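**Student:** So here's work_0.cif, just mmCIF, C-alpha atoms (C1' of nucleotides):
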```cif
data_input
loop_
_atom_site.label_atom_id
_atom_site.label_comp_id
_atom_site.auth_asym_id
_atom_site.auth_seq_id
_atom_site.Cartn_x
_atom_site.Cartn_y
_atom_site.Cartn_z
CA MET A 7 0.00 0.00 0.00
CA LYS A 8 1.39 3.34 -1.05
CA ASP A 9 1.46 6.53 0.92
CA PHE A 10 -0.75 9.29 -0.43
CA SER A 11 -0.68 11.32 2.74
CA THR A 12 2.25 13.50 1.90
CA SER A 13 2.01 16.34 -0.51
CA THR A 14 4.77 17.64 -2.69
CA ASN A 15 7.39 15.45 -1.11
CA CYS A 16 5.81 12.28 -2.44
CA PRO A 17 7.01 11.56 -5.97
CA VAL A 18 4.06 9.34 -6.77
CA ARG A 19 1.66 12.11 -5.86
CA ASN A 20 3.80 14.51 -7.80
CA VAL A 21 3.68 12.43 -10.97
CA LEU A 22 0.02 11.67 -10.46
CA ASP A 23 -0.94 15.30 -10.03
CA ARG A 24 0.68 16.17 -13.29
CA LEU A 25 -0.86 13.35 -15.26
CA SER A 26 -4.32 13.71 -13.82
CA ASP A 27 -4.68 17.08 -15.41
CA LYS A 28 -7.36 18.01 -17.89
CA TRP A 29 -5.21 19.23 -20.78
CA THR A 30 -2.26 16.95 -20.30
CA THR A 31 -4.31 13.81 -20.68
CA LEU A 32 -6.04 15.22 -23.71
CA VAL A 33 -2.76 16.06 -25.41
CA VAL A 34 -1.55 12.50 -24.87
CA LEU A 35 -4.83 11.14 -26.21
CA VAL A 36 -4.75 13.07 -29.47
CA LEU A 37 -1.03 12.50 -29.95
CA GLY A 38 -1.82 8.83 -29.52
CA GLU A 39 -3.92 8.95 -32.68
CA HIS A 40 -1.55 10.79 -35.00
CA GLU A 41 2.07 9.72 -34.57
CA LYS A 42 3.47 13.17 -35.31
CA MET A 43 1.70 16.45 -34.88
CA ARG A 44 2.56 20.10 -35.21
CA PHE A 45 1.55 22.76 -32.73
CA ASN A 46 -1.35 24.10 -34.72
CA GLU A 47 -2.60 20.62 -35.52
CA LEU A 48 -2.77 19.84 -31.84
CA HIS A 49 -4.47 23.13 -31.23
CA LYS A 50 -7.15 22.38 -33.78
CA ALA A 51 -7.56 18.78 -32.71
CA ILE A 52 -8.20 19.71 -29.10
CA GLY A 53 -10.27 22.69 -30.10
CA ASP A 54 -10.87 24.61 -26.92
CA ILE A 55 -7.41 24.71 -25.43
CA SER A 56 -5.71 28.08 -25.46
CA GLU A 57 -2.33 28.41 -27.13
CA LYS A 58 -0.88 29.33 -23.80
CA MET A 59 -2.14 26.23 -22.06
CA LEU A 60 -1.17 24.03 -24.98
CA THR A 61 2.36 25.35 -24.71
CA VAL A 62 2.43 24.76 -20.97
CA SER A 63 1.03 21.25 -21.29
CA LEU A 64 3.44 20.32 -24.03
CA ARG A 65 6.40 21.60 -22.02
CA LYS A 66 5.40 19.62 -18.97
CA LEU A 67 4.95 16.45 -20.98
CA GLU A 68 8.27 17.07 -22.66
CA ALA A 69 9.99 17.67 -19.34
CA ASP A 70 8.58 14.42 -17.99
CA GLY A 71 9.73 12.63 -21.11
CA LEU A 72 6.34 11.52 -22.42
CA ILE A 73 6.61 13.46 -25.61
CA ALA A 74 9.47 14.55 -27.87
CA ARG A 75 9.71 17.96 -29.45
CA GLN A 76 11.52 18.36 -32.74
CA VAL A 77 12.24 21.83 -34.00
CA PHE A 78 12.94 22.46 -37.67
CA PRO A 79 14.97 25.65 -38.16
CA VAL A 80 12.83 27.09 -40.89
CA ILE A 81 10.68 30.11 -41.33
CA PRO A 82 7.84 30.11 -40.62
CA PRO A 83 8.74 27.77 -37.76
CA LYS A 84 7.95 24.08 -37.80
CA VAL A 85 7.80 21.98 -34.66
CA GLU A 86 6.71 18.38 -34.45
CA TYR A 87 5.55 16.57 -31.37
CA GLN A 88 5.26 12.84 -30.84
CA LEU A 89 4.93 10.39 -28.01
CA THR A 90 8.12 8.84 -26.70
CA ASP A 91 8.30 5.18 -25.68
CA LEU A 92 7.34 6.28 -22.20
CA GLY A 93 4.40 8.21 -23.59
CA ARG A 94 3.24 5.33 -25.76
CA ASN A 95 3.58 3.12 -22.74
CA PHE A 96 1.29 5.44 -20.82
CA LEU A 97 -1.24 5.85 -23.60
CA PRO A 98 -3.30 2.67 -23.06
CA LEU A 99 -4.02 3.65 -19.48
CA ILE A 100 -5.50 6.97 -20.39
CA ASP A 101 -7.12 5.47 -23.41
CA SER A 102 -8.99 3.05 -21.19
CA ILE A 103 -10.14 5.95 -19.04
CA SER A 104 -11.41 7.65 -22.14
CA ASN A 105 -13.24 4.50 -23.16
CA TRP A 106 -14.68 4.10 -19.72
CA ALA A 107 -15.95 7.67 -19.86
CA TYR A 108 -17.51 6.95 -23.22
CA GLN A 109 -19.21 3.78 -22.04
CA ASN A 110 -20.50 5.26 -18.81
CA MET A 111 -21.28 8.81 -19.77
CA GLU A 112 -24.97 8.13 -20.15
CA GLU A 113 -25.28 6.74 -16.66
CA ILE A 114 -23.19 9.55 -15.27
CA MET A 115 -25.29 12.17 -17.01
CA ASN A 116 -28.41 10.58 -15.61
CA ASN A 117 -26.91 10.50 -12.14
CA ARG A 118 -26.13 14.18 -12.40
CA GLN A 119 -29.68 15.05 -13.34
CA GLN A 120 -31.07 13.03 -10.46
CA TYR A 121 -28.70 14.80 -8.15
CA GLN A 122 -29.68 18.23 -9.43
CA ALA A 123 -33.33 17.45 -8.97
CA SER A 124 -32.95 16.53 -5.32
CA MET B 16 -12.54 7.22 -33.16
CA LYS B 17 -14.09 9.74 -30.80
CA ASP B 18 -14.39 13.45 -31.22
CA PHE B 19 -12.38 15.50 -28.77
CA SER B 20 -12.64 18.70 -30.71
CA THR B 21 -15.70 20.07 -29.07
CA SER B 22 -15.63 21.55 -25.65
CA THR B 23 -18.47 21.61 -23.21
CA ASN B 24 -20.95 20.10 -25.64
CA CYS B 25 -19.12 16.80 -25.78
CA PRO B 26 -20.22 14.54 -22.93
CA VAL B 27 -17.11 12.39 -23.14
CA ARG B 28 -14.93 15.43 -22.69
CA ASN B 29 -17.20 16.57 -19.93
CA VAL B 30 -16.89 13.32 -18.01
CA LEU B 31 -13.19 13.13 -18.74
CA ASP B 32 -12.50 16.63 -17.51
CA ARG B 33 -14.12 15.87 -14.23
CA LEU B 34 -12.38 12.59 -13.68
CA SER B 35 -8.97 13.76 -14.75
CA ASP B 36 -8.81 16.11 -11.83
CA LYS B 37 -6.17 16.02 -9.17
CA TRP B 38 -8.32 15.70 -6.05
CA THR B 39 -11.13 13.67 -7.56
CA THR B 40 -8.86 10.82 -8.56
CA LEU B 41 -7.18 10.87 -5.18
CA VAL B 42 -10.48 10.63 -3.37
CA VAL B 43 -11.45 7.61 -5.44
CA LEU B 44 -8.07 6.02 -4.78
CA VAL B 45 -8.23 6.29 -1.01
CA LEU B 46 -11.89 5.33 -0.90
CA GLY B 47 -10.84 2.28 -2.87
CA GLU B 48 -8.72 1.12 0.04
CA HIS B 49 -11.17 1.59 2.89
CA GLU B 50 -14.73 0.59 1.97
CA LYS B 51 -16.33 3.25 4.15
CA MET B 52 -14.78 6.49 5.24
CA ARG B 53 -15.89 9.53 7.14
CA PHE B 54 -15.14 13.09 6.08
CA ASN B 55 -12.28 13.61 8.50
CA GLU B 56 -10.79 10.22 7.72
CA LEU B 57 -10.62 11.16 4.07
CA HIS B 58 -9.17 14.49 5.01
CA LYS B 59 -6.39 12.88 7.03
CA ALA B 60 -5.77 10.16 4.46
CA ILE B 61 -5.24 12.62 1.65
CA GLY B 62 -3.35 14.97 3.88
CA ASP B 63 -2.97 18.15 1.91
CA ILE B 64 -6.44 18.65 0.56
CA SER B 65 -8.37 21.54 2.05
CA GLU B 66 -11.74 20.87 3.63
CA LYS B 67 -13.28 23.09 1.03
CA MET B 68 -11.85 21.15 -1.89
CA LEU B 69 -12.63 17.83 -0.24
CA THR B 70 -16.25 18.90 0.04
CA VAL B 71 -16.32 20.02 -3.57
CA SER B 72 -14.69 16.84 -4.83
CA LEU B 73 -16.99 14.62 -2.81
CA ARG B 74 -20.07 16.45 -4.09
CA LYS B 75 -18.98 16.10 -7.69
CA LEU B 76 -18.27 12.41 -7.28
CA GLU B 77 -21.61 11.98 -5.56
CA ALA B 78 -23.42 13.88 -8.31
CA ASP B 79 -21.80 11.66 -10.92
CA GLY B 80 -22.76 8.60 -8.92
CA LEU B 81 -19.30 7.27 -8.20
CA ILE B 82 -19.65 7.57 -4.48
CA ALA B 83 -22.53 7.34 -2.02
CA ARG B 84 -22.99 9.68 0.91
CA GLN B 85 -24.74 8.44 4.00
CA VAL B 86 -25.70 10.97 6.65
CA PHE B 87 -26.39 9.86 10.22
CA PRO B 88 -28.63 12.35 12.00
CA VAL B 89 -26.56 12.60 15.15
CA ILE B 90 -24.61 15.32 16.88
CA PRO B 91 -21.80 15.80 16.28
CA PRO B 92 -22.57 14.86 12.69
CA LYS B 93 -21.52 11.60 11.12
CA VAL B 94 -21.25 11.11 7.39
CA GLU B 95 -19.93 8.06 5.62
CA TYR B 96 -18.70 7.88 2.06
CA GLN B 97 -18.16 4.81 -0.05
CA LEU B 98 -17.72 3.88 -3.67
CA THR B 99 -20.82 2.86 -5.56
CA ASP B 100 -20.78 0.04 -8.10
CA LEU B 101 -19.94 2.61 -10.72
CA GLY B 102 -17.11 3.93 -8.59
CA ARG B 103 -15.72 0.48 -7.88
CA ASN B 104 -15.96 -0.20 -11.56
CA PHE B 105 -13.87 2.87 -12.24
CA LEU B 106 -11.33 2.20 -9.51
CA PRO B 107 -9.07 -0.27 -11.37
CA LEU B 108 -8.47 2.25 -14.14
CA ILE B 109 -7.21 4.91 -11.83
CA ASP B 110 -5.44 2.33 -9.76
CA SER B 111 -3.44 1.29 -12.78
CA ILE B 112 -2.52 4.92 -13.43
CA SER B 113 -1.33 5.16 -9.87
CA ASN B 114 0.74 2.01 -10.30
CA TRP B 115 2.16 3.27 -13.56
CA ALA B 116 3.18 6.49 -11.84
CA TYR B 117 4.82 4.46 -9.11
CA GLN B 118 6.73 2.28 -11.54
CA ASN B 119 7.83 5.11 -13.76
CA MET B 120 8.39 7.93 -11.34
CA GLU B 121 12.14 7.40 -11.21
CA GLU B 122 12.47 7.72 -14.96
CA ILE B 123 10.16 10.71 -14.98
CA MET B 124 12.11 12.42 -12.23
CA ASN B 125 15.31 11.84 -14.15
CA ASN B 126 13.76 13.20 -17.30
CA ARG B 127 12.72 16.30 -15.47
CA GLN B 128 16.21 16.93 -14.19
CA GLN B 129 17.71 16.50 -17.63
CA TYR B 130 15.19 18.94 -18.95
CA GLN B 131 15.92 21.51 -16.26
CA ALA B 132 19.63 21.25 -16.96
CA SER B 133 19.25 22.02 -20.64
"C1'" DT C 16 9.06 47.53 -52.83
"C1'" DT C 17 5.79 47.36 -49.48
"C1'" DT C 18 2.43 44.20 -47.58
"C1'" DT C 19 0.72 40.00 -46.34
"C1'" DT C 20 1.08 35.36 -44.69
"C1'" DA C 21 2.62 31.59 -42.19
"C1'" DT C 22 3.88 29.25 -37.54
"C1'" DA C 23 4.93 28.71 -32.85
"C1'" DC C 24 4.93 30.72 -29.55
"C1'" DT C 25 4.99 35.16 -25.54
"C1'" DT C 26 3.08 38.70 -22.80
"C1'" DA C 27 -0.13 41.60 -20.28
"C1'" DC C 28 -4.36 41.56 -18.39
"C1'" DT C 29 -8.77 39.60 -16.59
"C1'" DT C 30 -11.43 35.92 -14.73
"C1'" DT C 31 -11.96 31.70 -12.53
"C1'" DT C 32 -10.38 28.34 -9.41
"C1'" DG C 33 -8.12 26.85 -5.31
"C1'" DG C 34 -6.01 27.61 -0.63
"C1'" DT C 35 -6.33 29.50 4.25
"C1'" DA C 36 -8.28 30.25 8.27
"C1'" DA C 37 -12.04 31.27 10.95
"C1'" DG C 38 -16.93 30.49 11.87
"C1'" DT C 39 -21.38 27.57 12.41
"C1'" DC C 40 -24.53 24.23 14.65
"C1'" DA C 41 -26.30 21.49 18.51
"C1'" DA C 42 -25.73 18.37 22.13
"C1'" DA C 43 -22.95 15.99 25.49
"C1'" DG C 44 -19.30 16.16 28.92
"C1'" DA C 45 -16.16 18.68 32.29
"C1'" DT D 24 -21.09 27.62 31.63
"C1'" DC D 25 -17.47 26.54 28.68
"C1'" DT D 26 -15.31 23.27 25.72
"C1'" DT D 27 -15.29 19.63 22.42
"C1'" DT D 28 -16.80 17.12 18.37
"C1'" DG D 29 -17.55 16.57 13.08
"C1'" DA D 30 -18.88 18.05 8.79
"C1'" DC D 31 -19.09 21.29 6.75
"C1'" DT D 32 -19.49 27.03 5.16
"C1'" DT D 33 -17.84 31.52 4.29
"C1'" DA D 34 -14.90 35.44 3.45
"C1'" DC D 35 -10.81 36.64 1.86
"C1'" DC D 36 -6.45 36.13 -0.71
"C1'" DA D 37 -3.23 33.70 -3.93
"C1'" DA D 38 -2.49 30.96 -7.84
"C1'" DA D 39 -3.80 29.14 -12.13
"C1'" DA D 40 -6.13 29.46 -16.43
"C1'" DG D 41 -8.53 32.06 -20.19
"C1'" DT D 42 -8.28 36.05 -23.63
"C1'" DA D 43 -6.48 38.69 -26.92
"C1'" DA D 44 -2.85 41.02 -28.84
"C1'" DG D 45 1.97 41.02 -29.99
"C1'" DT D 46 6.71 38.98 -31.74
"C1'" DA D 47 10.02 37.10 -35.03
"C1'" DT D 48 11.53 36.24 -39.82
"C1'" DA D 49 11.57 35.10 -44.51
"C1'" DA D 50 9.21 33.91 -48.51
"C1'" DA D 51 5.33 34.91 -51.39
"C1'" DA D 52 1.90 38.07 -53.00
"C1'" DA D 53 0.35 42.58 -54.38
#
```
Would you mind writing the file out in structure tokens?

**Tutor:**
Amino acid sequence: MKDFSTSTNCPVRNVLDRLSDKWTTLVVLVLGEHEKMRFNELHKAIGDISEKMLTVSLRKLEADGLIARQVFPVIPPKVEYQLTDLGRNFLPLIDSISNWAYQNMEEIMNNRQQYQAS
Amino acid sequence: MKDFSTSTNCPVRNVLDRLSDKWTTLVVLVLGEHEKMRFNELHKAIGDISEKMLTVSLRKLEADGLIARQVFPVIPPKVEYQLTDLGRNFLPLIDSISNWAYQNMEEIMNNRQQYQAS
DNA sequence: TTTTTATACTTACTTTTGGTAAGTCAAAGA
DNA sequence: TCTTTGACTTACCAAAAGTAAGTATAAAAA
């Protein structure tokens, strides 16, 4: 049994906090479907993420080693992102969460309505 | 292939956003180890969550039907929380994320240090 | 030749969310 | 009568995220 009781000093919690983040998981999900993607592609694919937050999310994932960032020294700039081995290794986990959400969303939506009504 | 491009109108995204939240996942994780827990037990088990955020997280999970809240009409108050079937059904997914984080945290920490240094 | 366009970001500013600490309620015990 | 207990609220402040405009540079278009 692991220790969740300690905050920033616990590496597991630290990793977990970063990966259980709205945008981060989404970036991994869409990157999981495309092999290589450029910044604007990701931006369009996710749709409602701001450029700022996309940048932040990408940097965090890069720092953690889940994605690789390749810069082409051209103008206008070209940058490609792709999952690393570590990222690809993580993908199925978050993919299964996405699937679970898909399969259970109806029930969850119903539950929410019940809850509202009471 | 699912559509992630639309924001609040997409139920999958909606569910996903809520479940890929720092505190929410943690609450499910600790509830997964204890069967029934009272408010203050959860608070101590998680450690660095504020009472406010614990309340918010519990309400959201309750609304979505992942946990059940049982109030005992006594003074001082007594409230017990436990995973519902839906919650228990979700638990293994997040458990495996937690395990993945545990197994890969060393590599991730190393990656982060490399990144900082560059 | 000046203007526009393309791409991947920054930056300044505002809004929303989260954290902190103190307060509430009602009864039982000191 | 004052304190304690447990599950919250609430008011206030800090941090994070959203918004919109700006930056850099060269090639292509006007």

**Student:** Only residues of chain D matter here; which ones have an atom within 12 Å of chain A, counting all atoms listed in the file? Give them as a PDB file with C-alpha atoms (C1' of nucleotides), in the frame of the given file.

**Tutor:**
```
ATOM      1  C1'  DA D  39      -3.800  29.140 -12.130  1.00  0.00           C
ATOM      2  C1'  DA D  40      -6.130  29.460 -16.430  1.00  0.00           C
ATOM      3  C1'  DG D  41      -8.530  32.060 -20.190  1.00  0.00           C
ATOM      4  C1'  DT D  42      -8.280  36.050 -23.630  1.00  0.00           C
ATOM      5  C1'  DA D  43      -6.480  38.690 -26.920  1.00  0.00           C
ATOM      6  C1'  DA D  47      10.020  37.100 -35.030  1.00  0.00           C
ATOM      7  C1'  DT D  48      11.530  36.240 -39.820  1.00  0.00           C
ATOM      8  C1'  DA D  49      11.570  35.100 -44.510  1.00  0.00           C
ATOM      9  C1'  DA D  50       9.210  33.910 -48.510  1.00  0.00           C
TER      10       DA D  50
END
```

**Student:** Check every residue of chain C for an atom within 9 Å of chain A, counting only C-alpha atoms (C1' of nucleotides), and provide those that qualify as a short mmCIF file (atom, residue, chain, number, x, y, z; two decimals) with C-alpha atoms (C1' of nucleotides), in the coordinates of the input.

**Tutor:**
```
data_model
loop_
_atom_site.label_atom_id
_atom_site.label_comp_id
_atom_site.auth_asym_id
_atom_site.auth_seq_id
_atom_site.Cartn_x
_atom_site.Cartn_y
_atom_site.Cartn_z
"C1'" DA C 21 2.62 31.59 -42.19
"C1'" DT C 22 3.88 29.25 -37.54
"C1'" DA C 23 4.93 28.71 -32.85
"C1'" DC C 24 4.93 30.72 -29.55
"C1'" DT C 25 4.99 35.16 -25.54
#
```

**Student:** Determine which residues of chain A sit within 6 Å of chain B, taking into account only C-alpha atoms, and present them as an MDAnalysis selection string.

**Tutor:** chainID A and resid 10:11 13 18 23 26:28 51:54 69:71 107:108 114 117:118 121

**Student:** Check which residues satisfy the PyMOL selection byres ((chain C and resi 19) around 10) in the file shown, then give them as a PyMOL selection string.

**Tutor:** (chain C and resi 17-18+20-21) or (chain D and resi 51-53)

**Student:** Could you state the separation of atom CA of B:Gly102 and atom CA of B:Ser72 in Å, given to one decimal place?

**Tutor:** 13.7 Å

**Student:** What would the selection look like, as a list in words, if the PyMOL selection byres ((chain C and resi 38-42) around 9) were run on the coordinates I just shared?

**Tutor:**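 Output from the PyMOL selection byres ((chain C and resi 38-42) around 9), applied to this file: Ile90 and Pro91 of chain B; DA37 and DA43 of chain C; DC31, DT32 and DT33 of chain D.
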
**Student:** What does the distance between atom C1' of C:DT29 and atom CA of B:Val71 come to in Å, to one decimal place?

**Tutor:** 24.7 Å

**Student:** How about completing stretch 63-96 of chain A with N, CA and C atoms and giving it to me as a tab-separated table (two decimals), in the coordinates of the input?

**Tutor:**
```tsv
chain	number	residue	atom	x	y	z
A	63	SER	N	1.24	22.70	-21.38
A	63	SER	CA	1.03	21.25	-21.29
A	63	SER	C	2.10	20.48	-22.05
A	64	LEU	N	2.42	20.98	-23.23
A	64	LEU	CA	3.44	20.32	-24.03
A	64	LEU	C	4.79	20.35	-23.32
A	65	ARG	N	5.12	21.47	-22.72
A	65	ARG	CA	6.40	21.60	-22.02
A	65	ARG	C	6.49	20.65	-20.83
A	66	LYS	N	5.40	20.52	-20.13
A	66	LYS	CA	5.40	19.62	-18.97
A	66	LYS	C	5.57	18.18	-19.43
A	67	LEU	N	4.84	17.81	-20.47
A	67	LEU	CA	4.95	16.45	-20.98
A	67	LEU	C	6.34	16.19	-21.54
A	68	GLU	N	6.92	17.21	-22.14
A	68	GLU	CA	8.27	17.07	-22.66
A	68	GLU	C	9.27	16.91	-21.50
A	69	ALA	N	9.10	17.75	-20.50
A	69	ALA	CA	9.99	17.67	-19.34
A	69	ALA	C	9.92	16.29	-18.69
A	70	ASP	N	8.75	15.74	-18.60
A	70	ASP	CA	8.58	14.42	-17.99
A	70	ASP	C	9.00	13.29	-18.94
A	71	GLY	N	9.24	13.63	-20.16
A	71	GLY	CA	9.73	12.63	-21.11
A	71	GLY	C	8.65	11.80	-21.77
A	72	LEU	N	7.40	12.28	-21.76
A	72	LEU	CA	6.34	11.52	-22.42
A	72	LEU	C	6.18	11.89	-23.88
A	73	ILE	N	6.62	13.08	-24.20
A	73	ILE	CA	6.61	13.46	-25.61
A	73	ILE	C	7.96	14.04	-26.02
A	74	ALA	N	8.24	13.98	-27.32
A	74	ALA	CA	9.47	14.55	-27.87
A	74	ALA	C	9.10	15.72	-28.75
A	75	ARG	N	9.95	16.73	-28.71
A	75	ARG	CA	9.71	17.96	-29.45
A	75	ARG	C	10.85	18.14	-30.44
A	76	GLN	N	10.49	18.18	-31.72
A	76	GLN	CA	11.52	18.36	-32.74
A	76	GLN	C	11.31	19.67	-33.47
A	77	VAL	N	12.32	20.50	-33.39
A	77	VAL	CA	12.24	21.83	-34.00
A	77	VAL	C	12.96	21.83	-35.33
A	78	PHE	N	12.30	22.30	-36.37
A	78	PHE	CA	12.94	22.46	-37.67
A	78	PHE	C	13.28	23.93	-37.84
A	79	PRO	N	14.55	24.24	-38.10
A	79	PRO	CA	14.97	25.65	-38.16
A	79	PRO	C	14.60	26.30	-39.48
A	80	VAL	N	13.33	26.47	-39.67
A	80	VAL	CA	12.83	27.09	-40.89
A	80	VAL	C	11.91	28.25	-40.53
A	81	ILE	N	11.61	29.03	-41.54
A	81	ILE	CA	10.68	30.11	-41.33
A	81	ILE	C	9.62	30.09	-42.41
A	82	PRO	N	8.35	30.11	-42.00
A	82	PRO	CA	7.84	30.11	-40.62
A	82	PRO	C	8.20	28.82	-39.88
A	83	PRO	N	8.26	28.90	-38.57
A	83	PRO	CA	8.74	27.77	-37.76
A	83	PRO	C	7.93	26.49	-37.94
A	84	LYS	N	8.61	25.39	-37.73
A	84	LYS	CA	7.95	24.08	-37.80
A	84	LYS	C	8.43	23.26	-36.62
A	85	VAL	N	7.47	22.79	-35.84
A	85	VAL	CA	7.80	21.98	-34.66
A	85	VAL	C	6.90	20.77	-34.65
A	86	GLU	N	7.51	19.60	-34.50
A	86	GLU	CA	6.71	18.38	-34.45
A	86	GLU	C	6.78	17.74	-33.07
A	87	TYR	N	5.64	17.26	-32.65
A	87	TYR	CA	5.55	16.57	-31.37
A	87	TYR	C	5.13	15.12	-31.60
A	88	GLN	N	5.73	14.23	-30.80
A	88	GLN	CA	5.26	12.84	-30.84
A	88	GLN	C	5.49	12.18	-29.50
A	89	LEU	N	4.75	11.13	-29.25
A	89	LEU	CA	4.93	10.39	-28.01
A	89	LEU	C	6.28	9.68	-28.02
A	90	THR	N	6.92	9.65	-26.87
A	90	THR	CA	8.12	8.84	-26.70
A	90	THR	C	7.69	7.41	-26.35
A	91	ASP	N	8.64	6.53	-26.14
A	91	ASP	CA	8.30	5.18	-25.68
A	91	ASP	C	7.53	5.25	-24.36
A	92	LEU	N	8.02	6.11	-23.48
A	92	LEU	CA	7.34	6.28	-22.20
A	92	LEU	C	5.90	6.75	-22.40
A	93	GLY	N	5.74	7.69	-23.30
A	93	GLY	CA	4.40	8.21	-23.59
A	93	GLY	C	3.49	7.15	-24.19
A	94	ARG	N	4.03	6.40	-25.12
A	94	ARG	CA	3.24	5.33	-25.76
A	94	ARG	C	2.87	4.26	-24.76
A	95	ASN	N	3.78	4.08	-23.81
A	95	ASN	CA	3.58	3.12	-22.74
A	95	ASN	C	2.48	3.57	-21.79
A	96	PHE	N	2.31	4.86	-21.69
A	96	PHE	CA	1.29	5.44	-20.82
A	96	PHE	C	-0.08	5.51	-21.51
```
